[in-house]
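Coordinates as given in coords.pdb (PDB, C-alpha atoms and all ligand atoms):
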```pdb
ATOM      1  CA  MET A   1     154.836 117.162 -16.202
ATOM      2  CA  ALA A   2     151.226 118.335 -16.410
ATOM      3  CA  LEU A   3     148.785 117.099 -19.016
ATOM      4  CA  ARG A   4     147.268 120.414 -20.093
ATOM      5  CA  VAL A   5     144.258 120.355 -22.414
ATOM      6  CA  ARG A   6     142.153 123.058 -24.020
ATOM      7  CA  VAL A   7     138.586 122.876 -22.746
ATOM      8  CA  CYS A   8     136.641 125.850 -24.112
ATOM      9  CA  ARG A   9     136.583 129.566 -24.755
ATOM     10  CA  VAL A  10     135.829 131.933 -21.891
ATOM     11  CA  ASP A  11     132.685 133.185 -23.640
ATOM     12  CA  GLN A  12     131.261 129.650 -23.610
ATOM     13  CA  ILE A  13     131.073 129.680 -19.813
ATOM     14  CA  ILE A  14     127.701 130.802 -18.523
ATOM     15  CA  ALA A  15     127.896 132.196 -15.002
ATOM     16  CA  GLY A  16     125.632 130.442 -12.515
ATOM     17  CA  GLU A  17     125.447 127.270 -14.602
ATOM     18  CA  ILE A  18     127.344 124.023 -14.784
ATOM     19  CA  ASN A  19     129.146 124.077 -18.119
ATOM     20  CA  ALA A  20     130.224 120.669 -19.405
ATOM     21  CA  PHE A  21     132.763 120.238 -22.190
ATOM     22  CA  ALA A  22     133.848 117.039 -23.878
ATOM     23  CA  VAL A  23     137.603 116.597 -24.064
ATOM     24  CA  THR A  24     139.121 114.112 -26.455
ATOM     25  CA  GLY A  25     140.470 111.084 -24.621
ATOM     26  CA  VAL A  26     138.629 111.864 -21.383
ATOM     27  CA  THR A  27     135.635 109.691 -20.466
ATOM     28  CA  TRP A  28     133.651 112.254 -18.532
ATOM     29  CA  PRO A  29     133.240 115.883 -19.578
ATOM     30  CA  VAL A  30     135.208 118.580 -17.831
ATOM     31  CA  LEU A  31     133.009 120.994 -15.892
ATOM     32  CA  VAL A  32     133.902 124.668 -15.821
ATOM     33  CA  THR A  33     131.988 126.961 -13.532
ATOM     34  CA  ALA A  34     132.384 130.651 -12.791
ATOM     35  CA  VAL A  35     132.059 131.113  -9.038
ATOM     36  CA  ASP A  36     132.631 134.463  -7.357
ATOM     37  CA  GLY A  37     134.708 135.610 -10.325
ATOM     38  CA  GLU A  38     136.879 132.489 -10.301
ATOM     39  CA  LEU A  39     136.891 129.819 -12.985
ATOM     40  CA  ILE A  40     136.734 126.386 -11.389
ATOM     41  CA  ALA A  41     137.248 123.209 -13.385
ATOM     42  CA  THR A  42     136.384 119.755 -12.093
ATOM     43  CA  PRO A  43     135.804 116.270 -13.403
ATOM     44  CA  GLY A  44     132.274 115.712 -14.620
ATOM     45  CA  VAL A  45     131.774 112.621 -12.489
ATOM     46  CA  CYS A  46     130.887 112.337  -8.822
ATOM     47  CA  PRO A  47     133.644 110.916  -6.591
ATOM     48  CA  HIS A  48     130.993 108.942  -4.674
ATOM     49  CA  GLU A  49     129.832 106.754  -7.554
ATOM     50  CA  ASP A  50     129.936 107.051 -11.327
ATOM     51  CA  VAL A  51     127.157 109.590 -11.762
ATOM     52  CA  SER A  52     127.468 112.571 -14.089
ATOM     53  CA  LEU A  53     127.683 115.920 -12.339
ATOM     54  CA  ALA A  54     126.865 117.720 -15.583
ATOM     55  CA  HIS A  55     123.191 117.309 -14.696
ATOM     56  CA  GLY A  56     123.594 118.291 -11.077
ATOM     57  CA  ASP A  57     122.395 121.501  -9.512
ATOM     58  CA  LEU A  58     124.562 124.511  -8.842
ATOM     59  CA  VAL A  59     123.622 126.393  -5.681
ATOM     60  CA  GLY A  60     125.973 129.307  -5.183
ATOM     61  CA  ALA A  61     129.416 127.718  -4.911
ATOM     62  CA  THR A  62     128.011 124.252  -4.259
ATOM     63  CA  ILE A  63     127.342 121.529  -6.767
ATOM     64  CA  VAL A  64     124.692 118.997  -5.792
ATOM     65  CA  CYS A  65     125.059 115.522  -7.255
ATOM     66  CA  PRO A  66     121.906 114.112  -8.883
ATOM     67  CA  GLY A  67     122.864 110.628  -7.647
ATOM     68  CA  HIS A  68     122.418 110.856  -3.877
ATOM     69  CA  GLY A  69     122.302 114.578  -3.322
ATOM     70  CA  TYR A  70     125.799 114.961  -1.896
ATOM     71  CA  ARG A  71     126.974 118.553  -1.936
ATOM     72  CA  PHE A  72     130.472 119.587  -2.971
ATOM     73  CA  ASP A  73     131.971 122.981  -2.228
ATOM     74  CA  LEU A  74     133.568 124.126  -5.480
ATOM     75  CA  HIS A  75     136.046 126.340  -3.597
ATOM     76  CA  THR A  76     137.577 123.360  -1.812
ATOM     77  CA  GLY A  77     136.109 120.288  -3.471
ATOM     78  CA  ARG A  78     135.041 119.014  -0.047
ATOM     79  CA  CYS A  79     131.878 117.006   0.356
ATOM     80  CA  ALA A  80     129.449 118.187   3.050
ATOM     81  CA  HIS A  81     128.184 114.635   3.667
ATOM     82  CA  ASP A  82     131.377 112.624   3.666
ATOM     83  CA  GLY A  83     134.682 114.160   4.710
ATOM     84  CA  GLY A  84     136.522 111.428   2.837
ATOM     85  CA  LEU A  85     135.156 112.509  -0.506
ATOM     86  CA  VAL A  86     136.713 115.330  -2.462
ATOM     87  CA  LEU A  87     135.747 116.590  -5.894
ATOM     88  CA  ARG A  88     139.036 117.228  -7.567
ATOM     89  CA  ARG A  89     139.761 120.717  -8.905
ATOM     90  CA  TYR A  90     141.851 120.989 -12.010
ATOM     91  CA  PRO A  91     144.295 123.891 -12.209
ATOM     92  CA  VAL A  92     142.984 126.415 -14.742
ATOM     93  CA  THR A  93     145.103 128.528 -17.079
ATOM     94  CA  LEU A  94     143.779 131.220 -19.386
ATOM     95  CA  VAL A  95     145.572 131.527 -22.713
ATOM     96  CA  GLY A  96     144.020 134.495 -24.457
ATOM     97  CA  ASP A  97     140.300 133.718 -24.491
ATOM     98  CA  GLU A  98     140.808 129.974 -24.124
ATOM     99  CA  VAL A  99     140.477 127.906 -20.959
ATOM    100  CA  TRP A 100     143.057 125.199 -20.426
ATOM    101  CA  VAL A 101     143.142 122.778 -17.517
ATOM    102  CA  ASP A 102     145.792 120.456 -16.119
ATOM    103  CA  LEU A 103     144.254 117.000 -15.931
ATOM    104  CA  LEU A 104     147.353 115.527 -14.283
TER     105      LEU A 104
HETATM  106  S1  LIG B 201     126.773 109.360  -6.882
HETATM  107 FE1  LIG B 201     127.028 111.443  -6.342
HETATM  108  S2  LIG B 201     126.302 111.488  -4.318
HETATM  109 FE2  LIG B 201     126.227 109.403  -4.805
END
```
Give the structure from this file in structure tokens form.
Ligand code: FES
Amino acid sequence: MALRVRVCRVDQIIAGEINAFAVTGVTWPVLVTAVDGELIATPGVCPHEDVSLAHGDLVGATIVCPGHGYRFDLHTGRCAHDGGLVLRRYPVTLVGDEVWVDLL
């Protein structure tokens, strides 16, 4: 059974920016990004080491970690530098104007 949590309203998501939202009970914020018309939600922490991605750079559909500069494709979660690293993507569900994600 999925653990679905409400993250934000759709109008809180700024296209072309990394939008970070605190979720009760979750250590790192959930990131929601609008890429090519798709809402993509990910953990707010780099899978390489514990560095916040909320302060990373967004270049098109790629998020660049401020830690060591690894690049993650938001469409797939794959890391361009290390094939063993994947930035998880949470399933997103819209309920009216609210964004919900499945953490588990
Ligand atoms: S901590 Fe993100 S690339 Fe190293």
Proximity check chain A to ligand LIG 201 (chain B), 12 Å, nearest pairs one decimal Å, all atoms listed in the file, as a tab-separated table:
```
residue	atom	partner	partner_atom	distance
A:Gly44	CA	B:LIG201	FE1	10.7
A:Val45	CA	B:LIG201	FE1	7.9
A:Cys46	CA	B:LIG201	FE1	4.7
A:Pro47	CA	B:LIG201	FE1	6.6
A:His48	CA	B:LIG201	S1	4.8
A:Glu49	CA	B:LIG201	S1	4.1
A:Asp50	CA	B:LIG201	S1	5.9
A:Val51	CA	B:LIG201	S1	4.9
A:Ser52	CA	B:LIG201	FE1	7.8
A:Leu53	CA	B:LIG201	FE1	7.5
A:Ala54	CA	B:LIG201	FE1	11.2
A:His55	CA	B:LIG201	FE1	10.9
A:Gly56	CA	B:LIG201	FE1	9.0
A:Asp57	CA	B:LIG201	FE1	11.5
A:Ile63	CA	B:LIG201	FE1	10.1
A:Val64	CA	B:LIG201	S2	7.8
A:Cys65	CA	B:LIG201	FE1	4.6
A:Pro66	CA	B:LIG201	FE1	6.3
A:Gly67	CA	B:LIG201	S1	4.2
A:His68	CA	B:LIG201	S2	4.0
A:Gly69	CA	B:LIG201	S2	5.2
A:Tyr70	CA	B:LIG201	S2	4.3
A:Arg71	CA	B:LIG201	S2	7.5
A:Phe72	CA	B:LIG201	S2	9.2
A:Cys79	CA	B:LIG201	S2	9.1
A:Ala80	CA	B:LIG201	S2	10.4
A:His81	CA	B:LIG201	S2	8.8
A:Asp82	CA	B:LIG201	S2	9.5
A:Leu85	CA	B:LIG201	S2	9.7
A:Val86	CA	B:LIG201	FE1	11.1
A:Leu87	CA	B:LIG201	FE1	10.1
```
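The smallest atom-to-atom distance between A:Val99 and any of A:Ala2, A:Leu74, A:Ile40, A:Val26, using all atoms listed in the file, is found for A:Ile40.
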Any chance you could work out the residue set of the PyMOL selection byres (((chain A and resi 17) around 8) and not hetatm) here, as a count of residues only?
8
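You will find atom CA of A:Pro29 at 12.3 Å from atom CA of A:Arg6.
With only C-alpha atoms as the atoms that count, the residue of A:Val5, A:Leu39, A:Leu94, A:Ile13 with the shortest distance to A:His75 is A:Leu39.
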If we count all atoms listed in the file, what is near A:Leu3 at a cut-off of 8 Å, once residues fewer than 4 positions away on the same chain are taken out, given as a list in words?
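Those residues are Asp102, Leu103 and Leu104 of chain A.
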What does the structure give for the distance between atom CA of A:Thr27 and atom CA of A:Val92, in Å to one decimal?
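Computed distance, atom CA of A:Thr27 to atom CA of A:Val92, equals 19.1 Å.
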Could you state the separation of atom CA of A:Arg78 and atom CA of A:Asp97 in Å, given to one decimal place?
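These atoms are spaced 29.0 Å apart.
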My list of candidates is A:Arg4, A:Gly96, A:Val101, A:Asp73. Which is closest to A:Leu31 when distances are computed with all atoms listed in the file?
A:Val101
Give the padded box for stretch 67-74 of chain A as JSON: axis-aligned, covering all atoms listed in the file, 5 Å on each side, centre and edge lengths in Å to one decimal.
```
{"center_x": 127.9, "center_y": 117.4, "center_z": -4.8, "size_x": 21.3, "size_y": 23.5, "size_z": 15.8}
```
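The nearest approach to A:Tyr90 among the residues A:Gly25, A:Gly60, A:Gly77, A:Gly37, with all atoms listed in the file taken into account, belongs to A:Gly77.
For the choices A:Pro91, A:Ala41, A:Gly84, A:Thr62, the atom-to-atom distance to A:Ala20 is smallest for A:Ala41 when using only C-alpha atoms.
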Give as a PDB file with C-alpha atoms, in the coordinates of the input every residue, naming chains and numbers as the document does, that has an atom within 8 Å of (137.6, 123.4, -24.4), counting only C-alpha atoms.
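And here is the file that came out, part.pdb:
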```pdb
ATOM      1  CA  VAL A   5     144.258 120.355 -22.414  1.00  0.00           C
ATOM      2  CA  ARG A   6     142.153 123.058 -24.020  1.00  0.00           C
ATOM      3  CA  VAL A   7     138.586 122.876 -22.746  1.00  0.00           C
ATOM      4  CA  CYS A   8     136.641 125.850 -24.112  1.00  0.00           C
ATOM      5  CA  ARG A   9     136.583 129.566 -24.755  1.00  0.00           C
ATOM      6  CA  PHE A  21     132.763 120.238 -22.190  1.00  0.00           C
ATOM      7  CA  ALA A  22     133.848 117.039 -23.878  1.00  0.00           C
ATOM      8  CA  VAL A  23     137.603 116.597 -24.064  1.00  0.00           C
ATOM      9  CA  GLU A  98     140.808 129.974 -24.124  1.00  0.00           C
ATOM     10  CA  VAL A  99     140.477 127.906 -20.959  1.00  0.00           C
ATOM     11  CA  TRP A 100     143.057 125.199 -20.426  1.00  0.00           C
TER      12      TRP A 100
END
```
